[in-house]
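Student: File follows, structure-v3.cif with mmCIF, C-alpha atoms:
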data_model
#
loop_
_atom_site.label_atom_id
_atom_site.label_comp_id
_atom_site.auth_asym_id
_atom_site.auth_seq_id
_atom_site.Cartn_x
_atom_site.Cartn_y
_atom_site.Cartn_z
CA MET A 1 21.49 -5.39 -13.27
CA THR A 2 18.20 -3.75 -12.26
CA GLN A 3 17.05 -4.10 -8.66
CA MET A 4 13.74 -2.95 -7.19
CA THR A 5 11.41 -3.49 -4.27
CA LEU A 6 7.94 -4.49 -5.41
CA PHE A 7 4.78 -3.17 -3.79
CA VAL A 8 3.91 -6.53 -2.31
CA ARG A 9 4.81 -8.46 0.80
CA ALA A 10 5.00 -12.25 0.90
CA PHE A 11 4.55 -14.21 4.11
CA ASN A 12 5.22 -17.71 2.81
CA SER A 13 6.79 -19.57 -0.10
CA GLY A 14 3.42 -20.09 -1.77
CA GLN A 15 2.80 -16.37 -2.04
CA LEU A 16 6.29 -15.80 -3.40
CA LYS A 17 5.65 -18.46 -6.04
CA GLN A 18 2.43 -16.73 -7.13
CA ILE A 19 4.33 -13.50 -7.69
CA ASP A 20 7.07 -15.34 -9.56
CA ASP A 21 4.55 -17.21 -11.74
CA LEU A 22 2.94 -13.91 -12.72
CA LEU A 23 6.27 -12.38 -13.68
CA GLN A 24 7.58 -15.45 -15.49
CA SER A 25 4.44 -15.64 -17.62
CA GLN A 26 5.38 -12.23 -18.99
CA PHE A 27 9.13 -12.77 -19.09
CA GLU A 28 9.10 -16.03 -21.09
CA ASP A 29 9.79 -14.29 -24.42
CA LEU A 30 12.34 -11.89 -22.98
CA GLU A 31 16.09 -12.22 -22.65
CA VAL A 32 16.17 -11.72 -18.91
CA LYS A 33 16.98 -13.60 -15.74
CA SER A 34 15.03 -12.76 -12.62
CA LEU A 35 15.42 -13.47 -8.92
CA LEU A 36 12.84 -12.85 -6.21
CA GLU A 37 13.82 -12.56 -2.56
CA VAL A 38 11.85 -11.74 0.57
CA ASP A 39 13.21 -9.62 3.38
CA PRO A 40 12.82 -11.90 6.43
CA THR A 41 11.81 -9.02 8.70
CA SER A 42 9.67 -6.65 6.64
CA LYS A 43 8.44 -9.28 4.14
CA TRP A 44 8.94 -6.86 1.23
CA VAL A 45 9.67 -8.66 -2.04
CA HIS A 46 12.86 -7.64 -3.87
CA LEU A 47 13.28 -8.29 -7.59
CA SER A 48 16.61 -8.50 -9.43
CA LEU A 49 16.70 -8.49 -13.23
CA GLU A 50 19.64 -9.08 -15.54
CA GLY A 51 19.77 -9.44 -19.30
CA GLU A 52 19.24 -7.71 -22.61
CA ASP A 53 15.54 -7.09 -21.91
CA GLU A 54 15.78 -6.18 -18.24
CA ALA A 55 14.44 -2.67 -18.90
CA VAL A 56 11.31 -4.11 -20.52
CA ALA A 57 10.86 -6.59 -17.68
CA ALA A 58 11.31 -3.85 -15.10
CA SER A 59 8.69 -1.71 -16.81
CA PHE A 60 6.19 -4.57 -16.67
CA ALA A 61 6.87 -5.20 -12.97
CA ARG A 62 6.35 -1.52 -12.15
CA LYS A 63 3.10 -1.39 -14.13
CA LYS A 64 1.61 -4.70 -13.00
CA ILE A 65 2.66 -4.77 -9.33
CA GLY A 66 4.19 -1.40 -8.53
CA THR A 67 7.36 -0.51 -6.67
CA VAL A 68 8.40 1.35 -3.54
CA PRO A 69 11.52 3.42 -2.91
CA LYS A 70 14.23 1.68 -0.93
CA ASN A 71 16.50 4.71 -0.45
CA TRP A 72 15.84 7.71 1.81
CA ASP A 73 17.18 10.03 -0.92
CA ALA A 74 14.60 8.74 -3.41
CA VAL A 75 11.69 10.12 -1.37
CA GLU A 76 10.60 13.67 -2.11
CA VAL A 77 8.34 15.96 -0.09
CA ASP A 78 4.79 16.02 -1.52
CA ALA A 79 5.31 12.62 -3.15
CA GLU A 80 2.44 10.16 -2.84
CA LEU A 81 3.77 6.72 -1.92
CA LYS A 82 2.20 3.34 -1.38
CA GLY A 83 2.91 1.36 1.74
CA TYR A 84 1.48 -0.89 4.42
CA VAL A 85 0.23 0.11 7.84
CA SER A 86 2.94 -1.00 10.23
CA LYS A 87 1.31 -0.04 13.52
CA VAL A 88 -1.49 1.99 15.05
CA ASP A 89 0.58 3.44 17.89
CA GLU A 90 -1.94 4.36 20.56
CA SER A 91 0.64 5.33 23.19
CA ARG A 92 2.30 7.93 20.94
CA GLY A 93 -0.84 8.88 19.07
CA GLN A 94 0.28 8.12 15.54
CA LEU A 95 -0.10 5.84 12.56
CA LEU A 96 3.08 4.22 11.24
CA VAL A 97 3.31 3.25 7.57
CA ASP A 98 6.10 1.18 6.04
CA ILE A 99 6.83 2.67 2.60
CA GLY A 100 9.73 0.32 1.85
CA VAL A 101 12.67 2.58 2.72
CA PHE A 102 15.49 0.61 4.37
CA GLN A 103 18.66 2.39 3.20
CA PRO A 104 20.62 3.77 4.97
CA LYS A 105 18.16 2.63 7.65
CA VAL A 106 14.53 1.65 7.92
CA SER A 107 12.45 4.84 7.82
CA LEU A 108 8.69 4.85 8.31
CA ALA A 109 6.07 7.40 7.38
CA VAL A 110 4.41 8.85 10.48
CA VAL A 111 0.86 10.18 10.41
CA SER A 112 0.21 12.11 13.61
CA LEU A 113 -2.98 11.95 15.63
CA ALA A 114 -3.59 15.64 14.91
CA THR A 115 -3.39 14.91 11.19
CA LEU A 116 -5.76 11.93 11.48
CA ARG A 117 -8.26 14.02 13.41
CA ALA A 118 -8.11 16.77 10.81
CA GLN A 119 -8.43 14.42 7.84
CA PHE A 120 -11.41 12.54 9.26
CA ALA A 121 -12.99 15.54 11.03
CA ALA A 122 -12.71 13.68 14.32
CA GLY A 123 -13.12 15.35 17.69
CA LYS A 124 -10.29 16.24 20.07
CA GLU A 125 -11.17 13.29 22.27
CA SER A 126 -10.71 10.79 19.41
CA THR A 127 -7.71 8.49 19.78
CA ALA A 128 -5.62 6.98 16.99
CA LYS A 129 -7.09 3.56 17.78
CA ALA A 130 -10.67 4.85 17.68
CA ILE A 131 -10.17 6.54 14.31
CA ALA A 132 -8.42 3.48 12.90
CA GLU A 133 -11.18 1.14 14.04
CA ALA A 134 -13.90 3.42 12.69
CA TYR A 135 -12.39 3.40 9.21
CA GLY A 136 -10.96 -0.12 8.97
CA ILE A 137 -7.33 0.98 9.22
CA ALA A 138 -5.35 -1.97 10.56
CA GLU A 139 -1.84 -3.37 10.51
CA GLY A 140 -1.10 -4.83 7.09
CA LEU A 141 -3.59 -2.67 5.19
CA PRO A 142 -2.14 -1.21 1.97
CA VAL A 143 -2.45 2.58 2.00
CA THR A 144 -1.18 5.64 0.13
CA VAL A 145 0.42 8.53 1.99
CA ARG A 146 1.66 11.97 1.02
CA VAL A 147 5.03 12.91 2.46
CA THR A 148 4.90 16.32 4.12
CA GLU A 149 8.35 16.49 5.74
CA LYS A 150 11.64 14.57 5.71
CA GLY A 151 13.71 13.91 8.81
CA ASP A 152 14.75 10.85 10.81
CA SER A 153 11.38 9.54 9.70
CA PHE A 154 8.89 10.89 7.18
CA LYS A 155 6.02 13.03 8.38
CA ALA A 156 2.99 12.27 6.25
CA GLU A 157 -0.74 12.38 5.83
CA LEU A 158 -3.05 9.87 4.22
CA ALA A 159 -3.57 10.58 0.53
CA SER A 160 -6.78 12.52 -0.13
CA GLY A 161 -8.11 9.81 -2.44
CA LEU A 162 -7.69 7.19 0.30
CA VAL A 163 -9.41 9.39 2.88
CA GLU A 164 -12.39 9.87 0.56
CA LYS A 165 -12.56 6.12 -0.06
CA LEU A 166 -12.57 5.31 3.65
CA LYS A 167 -15.17 7.99 4.36
CA GLY A 168 -17.30 6.59 1.56
CA TRP A 169 -17.04 3.12 3.08
CA GLN A 170 -18.31 4.35 6.42
CA GLN A 171 -21.09 6.51 4.98
CA SER A 172 -22.41 3.67 2.82
CA LEU A 173 -23.70 1.88 5.95
CA LEU A 174 -22.52 -1.42 4.43
CA ASP A 175 -20.19 -3.69 6.39
CA ARG A 176 -16.86 -4.59 4.84
CA LEU A 177 -14.64 -7.54 5.66
CA ILE A 178 -11.01 -6.81 4.88
CA ILE A 179 -8.95 -9.91 4.11
CA LEU A 180 -5.16 -9.74 4.29
CA ARG A 181 -2.55 -12.32 3.18
CA ALA A 182 -4.80 -14.18 0.73
CA ASN A 183 -4.87 -14.42 -3.06
CA LYS A 184 -7.75 -13.68 -5.41
CA ASP A 185 -8.35 -17.28 -6.45
CA LEU A 186 -8.64 -18.36 -2.81
CA VAL A 187 -11.03 -15.53 -1.99
CA ASP A 188 -13.27 -16.33 -4.97
CA ALA A 189 -13.20 -20.07 -4.33
CA THR A 190 -14.04 -19.60 -0.66
CA LEU A 191 -17.03 -17.40 -1.44
CA GLU A 192 -18.32 -20.02 -3.86
CA ARG A 193 -17.72 -22.89 -1.45
CA THR A 194 -19.48 -21.12 1.43
CA HIS A 195 -22.32 -19.85 -0.80
CA LEU A 196 -21.59 -16.28 0.29
CA THR A 197 -21.77 -14.79 -3.18
CA ARG A 198 -25.32 -13.70 -2.32
CA ASP A 199 -24.15 -11.91 0.83
CA VAL A 200 -21.10 -10.23 -0.70
CA ILE A 201 -21.92 -7.69 -3.40
CA GLU A 202 -18.37 -6.68 -4.30
CA VAL A 203 -14.81 -7.95 -3.96
CA GLU A 204 -12.36 -5.06 -4.19
CA GLN A 205 -8.65 -5.78 -4.58
CA LEU A 206 -6.67 -3.40 -2.38
CA GLY A 207 -3.23 -4.90 -2.98
CA PHE A 208 -1.69 -8.10 -4.34
CA PHE A 209 -2.85 -10.17 -1.35
CA GLU A 210 -5.38 -7.79 0.21
CA PHE A 211 -9.11 -7.50 -0.45
CA ALA A 212 -12.24 -5.77 0.83
CA LEU A 213 -15.53 -7.67 0.70
CA THR A 214 -18.59 -5.41 0.65
CA CYS A 215 -21.56 -7.04 2.35
CA LYS A 216 -25.14 -6.54 1.31
CA LEU A 217 -27.34 -4.43 3.57
CA GLY A 218 -28.13 -6.40 6.72
CA THR A 219 -25.12 -8.73 6.50
CA GLU A 220 -22.53 -8.27 9.24
CA ALA A 221 -18.90 -8.66 8.22
CA ARG A 222 -18.01 -10.16 11.61
CA GLY A 223 -20.42 -13.00 10.97
CA LEU A 224 -18.58 -14.03 7.80
CA ILE A 225 -15.29 -14.72 9.56
CA PRO A 226 -16.18 -18.17 11.01
CA ARG A 227 -17.53 -19.26 7.64
CA VAL A 228 -14.59 -18.20 5.48
CA GLY A 229 -11.88 -18.58 8.12
CA ARG A 230 -11.88 -22.38 7.99
CA TYR A 231 -10.78 -22.22 4.35
CA MET A 232 -8.36 -19.30 4.76
CA ARG A 233 -6.32 -20.28 7.80
CA ASN A 234 -3.34 -18.08 6.98
CA ALA A 235 -5.41 -14.96 6.31
CA VAL A 236 -5.97 -12.01 8.63
CA PHE A 237 -9.45 -10.50 8.93
CA VAL A 238 -10.44 -6.94 9.81
#
Translate this structure into structure tokens?
Tutor:
Amino acid sequence: MTQMTLFVRAFNSGQLKQIDDLLQSQFEDLEVKSLLEVDPTSKWVHLSLEGEDEAVAASFARKKIGTVPKNWDAVEVDAELKGYVSKVDESRGQLLVDIGVFQPKVSLAVVSLATLRAQFAAGKESTAKAIAEAYGIAEGLPVTVRVTEKGDSFKAELASGLVEKLKGWQQSLLDRLIILRANKDLVDATLERTHLTRDVIEVEQLGFFEFALTCKLGTEARGLIPRVGRYMRNAVFV
């Protein structure tokens, strides 16, 4: 049997079904049985595969969705890992990222305030919250980190590619509305229904259920929330 944690979190049965439908559409000609389960606390999706073609099925899942390490021993220093922002901890001055590790215990990646300041060339007076708000870093956002040290937790920094992306977002002077916990079909349908396709110039998929909508010059992202929110009641907006 092959077991893995997919790089996706599901917050309801509908989202889990969408993941399963995607996998089953590729597994239908394979000799494999699959089972999807959601961790009730972290919401990470775990996939179990068994059968003659489980290696092929596992390869597809890794390529199409991605995986995260579940064991502490599987994480190496200097490795770049995907995860989700767990918390912007203002009191301790750090950014916590859940990279999926839960054995032998849950271990998060910790990006210190000093590291955030250095990566974003922020002043000494800048707080973790201020930096996060300036660059759209919020709980639930999919990010990539580079592990710099292993201990009770993982010391890390944001991956250089992610830092450049976030800096580019800010320097573009275009507002972005980040939508979490929604699927692509719903996002597209909502934009059509609300006639916002003229105000949104790009829809960028950040993760399986996470998207960034780039607004045209002069359109404020905050102003889109009341219009799209009525059709996306389970989504989170940043």
Student: Convert the output of the PyMOL selection byres ((chain A and resi 234) around 8) on the shown file into explicit residues, formatted as an mmCIF file with C-alpha atoms, keeping the file's coordinate frame.
Tutor:
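Writing the result to part_3.cif gives the following:
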data_model
loop_
_atom_site.group_PDB
_atom_site.id
_atom_site.type_symbol
_atom_site.label_atom_id
_atom_site.label_comp_id
_atom_site.auth_asym_id
_atom_site.auth_seq_id
_atom_site.Cartn_x
_atom_site.Cartn_y
_atom_site.Cartn_z
ATOM 1 C CA ARG A 181 -2.550 -12.320 3.180
ATOM 2 C CA ALA A 182 -4.800 -14.180 0.730
ATOM 3 C CA MET A 232 -8.360 -19.300 4.760
ATOM 4 C CA ARG A 233 -6.320 -20.280 7.800
ATOM 5 C CA ALA A 235 -5.410 -14.960 6.310
ATOM 6 C CA VAL A 236 -5.970 -12.010 8.630
#
Student: For stretch 23-106 of chain A versus stretch 145-156 of chain A, which residues have an atom no more than 10 Å away, and what is each residue's nearest atom pair and distance in Å rounded to one decimal, using all atoms listed in the file, chain-then-number order, as CSV?
Tutor:
residue,atom,partner,partner_atom,distance
A:Trp72,CA,A:Lys150,CA,8.9
A:Asp73,CA,A:Lys150,CA,9.8
A:Val75,CA,A:Val147,CA,8.2
A:Glu76,CA,A:Val147,CA,7.2
A:Val77,CA,A:Val147,CA,5.2
A:Asp78,CA,A:Val147,CA,5.1
A:Ala79,CA,A:Arg146,CA,5.6
A:Glu80,CA,A:Arg146,CA,4.3
A:Leu81,CA,A:Val145,CA,5.5
A:Lys82,CA,A:Val145,CA,6.4
A:Gly83,CA,A:Val145,CA,7.6
A:Tyr84,CA,A:Val145,CA,9.8
A:Leu95,CA,A:Ala156,CA,9.5
A:Leu96,CA,A:Ala156,CA,9.5
A:Val97,CA,A:Val145,CA,8.2
A:Ile99,CA,A:Val145,CA,8.7
A:Val101,CA,A:Ser153,CA,9.9
A:Lys105,CA,A:Asp152,CA,9.4
A:Val106,CA,A:Ser153,CA,8.7
Student: I'd like the residues picked by the PyMOL selection byres ((chain A and resi 165) around 12) written out as a compact mmCIF listing (two decimals) with C-alpha atoms, in the coordinates of the input, using the chain letters and numbers from the file.
Tutor:
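What ended up in result_0.txt:
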# COMPACT_ATOMS: atom_id res chain seq x y z
CA PHE A 120 -11.41 12.54 9.26
CA TYR A 135 -12.39 3.40 9.21
CA GLY A 136 -10.96 -0.12 8.97
CA ILE A 137 -7.33 0.98 9.22
CA VAL A 143 -2.45 2.58 2.00
CA THR A 144 -1.18 5.64 0.13
CA LEU A 158 -3.05 9.87 4.22
CA ALA A 159 -3.57 10.58 0.53
CA SER A 160 -6.78 12.52 -0.13
CA GLY A 161 -8.11 9.81 -2.44
CA LEU A 162 -7.69 7.19 0.30
CA VAL A 163 -9.41 9.39 2.88
CA GLU A 164 -12.39 9.87 0.56
CA LEU A 166 -12.57 5.31 3.65
CA LYS A 167 -15.17 7.99 4.36
CA GLY A 168 -17.30 6.59 1.56
CA TRP A 169 -17.04 3.12 3.08
CA GLN A 170 -18.31 4.35 6.42
CA GLN A 171 -21.09 6.51 4.98
CA SER A 172 -22.41 3.67 2.82
CA GLU A 204 -12.36 -5.06 -4.19
CA LEU A 206 -6.67 -3.40 -2.38
CA ALA A 212 -12.24 -5.77 0.83
Student: Work out how far apart atom CA of A:Glu31 and atom CA of A:Lys63 are and give it in Å to one decimal.
Tutor: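 Atom-to-atom, atom CA of A:Glu31 to atom CA of A:Lys63, that is 18.9 Å.
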Student: For each of A:Asp175, A:Glu133, A:Asp188, A:Asp39, take the minimum atom-to-atom distance to A:Cys215, counting only C-alpha atoms, then give the residue where this is smallest.
Tutor: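 Once distances to A:Cys215 are computed over only C-alpha atoms, the minimum belongs to A:Asp175.
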Student: Could you check which of A:Val56, A:Ile131, A:Leu186, A:Leu108 is closest to A:Gln15, using all atoms listed in the file?
Tutor: A:Leu186
Student: Which of these, A:Thr5, A:Val85, A:Val203, A:Glu192, has the shortest distance to A:Gly100 once you count all atoms listed in the file?
Tutor: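 Checking each of A:Thr5, A:Val85, A:Val203, A:Glu192 against A:Gly100, counting all atoms listed in the file, the winner is A:Thr5.
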Student: Counting only C-alpha atoms, figure out which residue out of A:Phe60, A:Phe209, A:Phe11, A:His46 gets nearest to A:Gln24.
Tutor: A:Phe60
Student: For the atom pair atom CA of A:Gly223 and atom CA of A:Asp199, what is the interatomic distance in Å to one decimal place?
Tutor: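 According to the coordinates, atom CA of A:Gly223 and atom CA of A:Asp199 are separated by 10.9 Å.
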Student: Write out as a PDB file with C-alpha atoms, in the coordinates of the input each polymer residue whose atoms come within 12 Å of A:Leu36, counting all atoms listed in the file; drop sequence neighbours fewer than 4 positions from it.
Tutor:
ATOM      1  CA  GLN A   3      17.050  -4.100  -8.660  1.00  0.00           C
ATOM      2  CA  MET A   4      13.740  -2.950  -7.190  1.00  0.00           C
ATOM      3  CA  THR A   5      11.410  -3.490  -4.270  1.00  0.00           C
ATOM      4  CA  LEU A   6       7.940  -4.490  -5.410  1.00  0.00           C
ATOM      5  CA  VAL A   8       3.910  -6.530  -2.310  1.00  0.00           C
ATOM      6  CA  ARG A   9       4.810  -8.460   0.800  1.00  0.00           C
ATOM      7  CA  ALA A  10       5.000 -12.250   0.900  1.00  0.00           C
ATOM      8  CA  SER A  13       6.790 -19.570  -0.100  1.00  0.00           C
ATOM      9  CA  GLN A  15       2.800 -16.370  -2.040  1.00  0.00           C
ATOM     10  CA  LEU A  16       6.290 -15.800  -3.400  1.00  0.00           C
ATOM     11  CA  LYS A  17       5.650 -18.460  -6.040  1.00  0.00           C
ATOM     12  CA  GLN A  18       2.430 -16.730  -7.130  1.00  0.00           C
ATOM     13  CA  ILE A  19       4.330 -13.500  -7.690  1.00  0.00           C
ATOM     14  CA  ASP A  20       7.070 -15.340  -9.560  1.00  0.00           C
ATOM     15  CA  ASP A  21       4.550 -17.210 -11.740  1.00  0.00           C
ATOM     16  CA  LEU A  22       2.940 -13.910 -12.720  1.00  0.00           C
ATOM     17  CA  LEU A  23       6.270 -12.380 -13.680  1.00  0.00           C
ATOM     18  CA  GLN A  24       7.580 -15.450 -15.490  1.00  0.00           C
ATOM     19  CA  LYS A  43       8.440  -9.280   4.140  1.00  0.00           C
ATOM     20  CA  TRP A  44       8.940  -6.860   1.230  1.00  0.00           C
ATOM     21  CA  VAL A  45       9.670  -8.660  -2.040  1.00  0.00           C
ATOM     22  CA  HIS A  46      12.860  -7.640  -3.870  1.00  0.00           C
ATOM     23  CA  LEU A  47      13.280  -8.290  -7.590  1.00  0.00           C
ATOM     24  CA  SER A  48      16.610  -8.500  -9.430  1.00  0.00           C
ATOM     25  CA  LEU A  49      16.700  -8.490 -13.230  1.00  0.00           C
ATOM     26  CA  ALA A  61       6.870  -5.200 -12.970  1.00  0.00           C
TER      27      ALA A  61
END
Student: Work out how far atom CA of A:Glu37 is from atom CA of A:Val88, in Å to one decimal.
Tutor: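 It comes out at 27.5 Å.
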Student: List the neighbours of A:Thr127 out to 10 Å using all atoms listed in the file; skip same-chain residues closer than 6 positions along the sequence, and give me the result as a list in words.
Tutor: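 Selected residues are Asp89, Glu90, Ser91, Gly93, Gln94, Leu113, Ala114, Leu116, Arg117 and Glu133 of chain A.
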Student: Quick one: everything within 8 Å of A:Thr115, counting all atoms listed in the file, minus sequence neighbours fewer than 4 positions away in the same chain. Send it as JSON, numbers by chain.
Tutor: {"A": [111, 119, 157]}
Student: Tell me, as a ChimeraX atom specification, which residues lie within 12 Å of A:His195, counting all atoms listed in the file; anything in the same chain fewer than 5 positions away does not count.
Tutor: /A:188-190,200,224,227-228
Student: How big is the axis-aligned box around the listed atoms of stretch 122-137 of chain A once 3 Å is added on each side, and where is its centre? Give both in Å to one decimal, as AutoDock Vina command-line options.
Tutor:
--center_x -9.8 --center_y 8.1 --center_z 15.6 --size_x 14.3 --size_y 22.4 --size_z 19.3
Student: For this file, the PyMOL selection byres ((chain A and resi 179) around 6) selects which residues, as a ChimeraX atom specification?
Tutor: /A:178,180,210-211,236-237
Student: So, with all atoms listed in the file as the atoms that count, which of A:Ala132, A:Gly66, A:Glu139, A:Ser34 lies closest to A:Gly207?
Tutor: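 Nearest to A:Gly207: A:Gly66.
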Student: Output stretch 25-34 of chain A as a CSV table (one decimal), keeping the file's coordinate frame, making sure all heavy atoms are there.
Tutor:
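Heads up, here's the output in part11.csv:
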chain,number,residue,atom,x,y,z
A,25,SER,N,5.4,-15.5,-16.5
A,25,SER,CA,4.4,-15.6,-17.6
A,25,SER,C,4.6,-14.5,-18.6
A,25,SER,O,4.3,-14.6,-19.8
A,25,SER,CB,3.0,-15.7,-17.1
A,25,SER,OG,2.6,-14.4,-16.6
A,26,GLN,N,5.1,-13.4,-18.1
A,26,GLN,CA,5.4,-12.2,-19.0
A,26,GLN,C,6.8,-12.2,-19.5
A,26,GLN,O,7.1,-11.5,-20.5
A,26,GLN,CB,5.0,-10.9,-18.2
A,26,GLN,CG,3.6,-10.9,-17.7
A,26,GLN,CD,2.6,-10.9,-18.9
A,26,GLN,OE1,2.8,-10.2,-19.9
A,26,GLN,NE2,1.5,-11.6,-18.7
A,27,PHE,N,7.7,-12.8,-18.8
A,27,PHE,CA,9.1,-12.8,-19.1
A,27,PHE,C,9.6,-13.9,-20.0
A,27,PHE,O,10.7,-13.9,-20.5
A,27,PHE,CB,10.0,-12.9,-17.8
A,27,PHE,CG,9.8,-11.7,-16.9
A,27,PHE,CD1,10.4,-11.8,-15.6
A,27,PHE,CD2,9.2,-10.6,-17.2
A,27,PHE,CE1,10.3,-10.8,-14.7
A,27,PHE,CE2,9.0,-9.5,-16.3
A,27,PHE,CZ,9.6,-9.6,-15.1
A,28,GLU,N,8.7,-14.8,-20.4
A,28,GLU,CA,9.1,-16.0,-21.1
A,28,GLU,C,9.7,-15.7,-22.5
A,28,GLU,O,10.5,-16.5,-23.0
A,28,GLU,CB,7.9,-17.0,-21.2
A,28,GLU,CG,6.7,-16.5,-21.9
A,28,GLU,CD,5.6,-17.5,-21.9
A,28,GLU,OE1,5.8,-18.6,-21.3
A,28,GLU,OE2,4.5,-17.2,-22.4
A,29,ASP,N,9.3,-14.6,-23.1
A,29,ASP,CA,9.8,-14.3,-24.4
A,29,ASP,C,10.9,-13.2,-24.4
A,29,ASP,O,11.3,-12.7,-25.4
A,29,ASP,CB,8.6,-13.8,-25.3
A,29,ASP,CG,7.6,-14.9,-25.6
A,29,ASP,OD1,8.0,-16.1,-25.7
A,29,ASP,OD2,6.4,-14.5,-25.7
A,30,LEU,N,11.3,-12.9,-23.2
A,30,LEU,CA,12.3,-11.9,-23.0
A,30,LEU,C,13.7,-12.5,-22.6
A,30,LEU,O,13.8,-13.6,-22.0
A,30,LEU,CB,11.9,-10.9,-21.9
A,30,LEU,CG,10.6,-10.2,-22.0
A,30,LEU,CD1,10.4,-9.3,-20.8
A,30,LEU,CD2,10.6,-9.3,-23.3
A,31,GLU,N,14.7,-11.8,-23.0
A,31,GLU,CA,16.1,-12.2,-22.6
A,31,GLU,C,16.4,-11.6,-21.3
A,31,GLU,O,17.0,-10.5,-21.2
A,31,GLU,CB,17.1,-11.8,-23.7
A,31,GLU,CG,17.0,-12.5,-25.1
A,31,GLU,CD,17.3,-13.9,-25.0
A,31,GLU,OE1,18.2,-14.3,-24.1
A,31,GLU,OE2,16.7,-14.7,-25.7
A,32,VAL,N,16.0,-12.3,-20.2
A,32,VAL,CA,16.2,-11.7,-18.9
A,32,VAL,C,16.1,-12.8,-17.9
A,32,VAL,O,15.4,-13.8,-18.0
A,32,VAL,CB,15.1,-10.7,-18.6
A,32,VAL,CG1,13.7,-11.3,-18.5
A,32,VAL,CG2,15.4,-9.9,-17.3
A,33,LYS,N,17.0,-12.7,-16.9
A,33,LYS,CA,17.0,-13.6,-15.7
A,33,LYS,C,16.5,-12.8,-14.5
A,33,LYS,O,16.9,-11.7,-14.3
A,33,LYS,CB,18.4,-14.1,-15.5
A,33,LYS,CG,18.9,-15.1,-16.5
A,33,LYS,CD,20.3,-15.6,-16.1
A,33,LYS,CE,20.9,-16.5,-17.2
A,33,LYS,NZ,22.2,-17.0,-16.8
A,34,SER,N,15.6,-13.5,-13.8
A,34,SER,CA,15.0,-12.8,-12.6
A,34,SER,C,15.2,-13.6,-11.3
A,34,SER,O,15.3,-14.8,-11.4
A,34,SER,CB,13.5,-12.5,-12.9
A,34,SER,OG,12.8,-13.7,-12.9
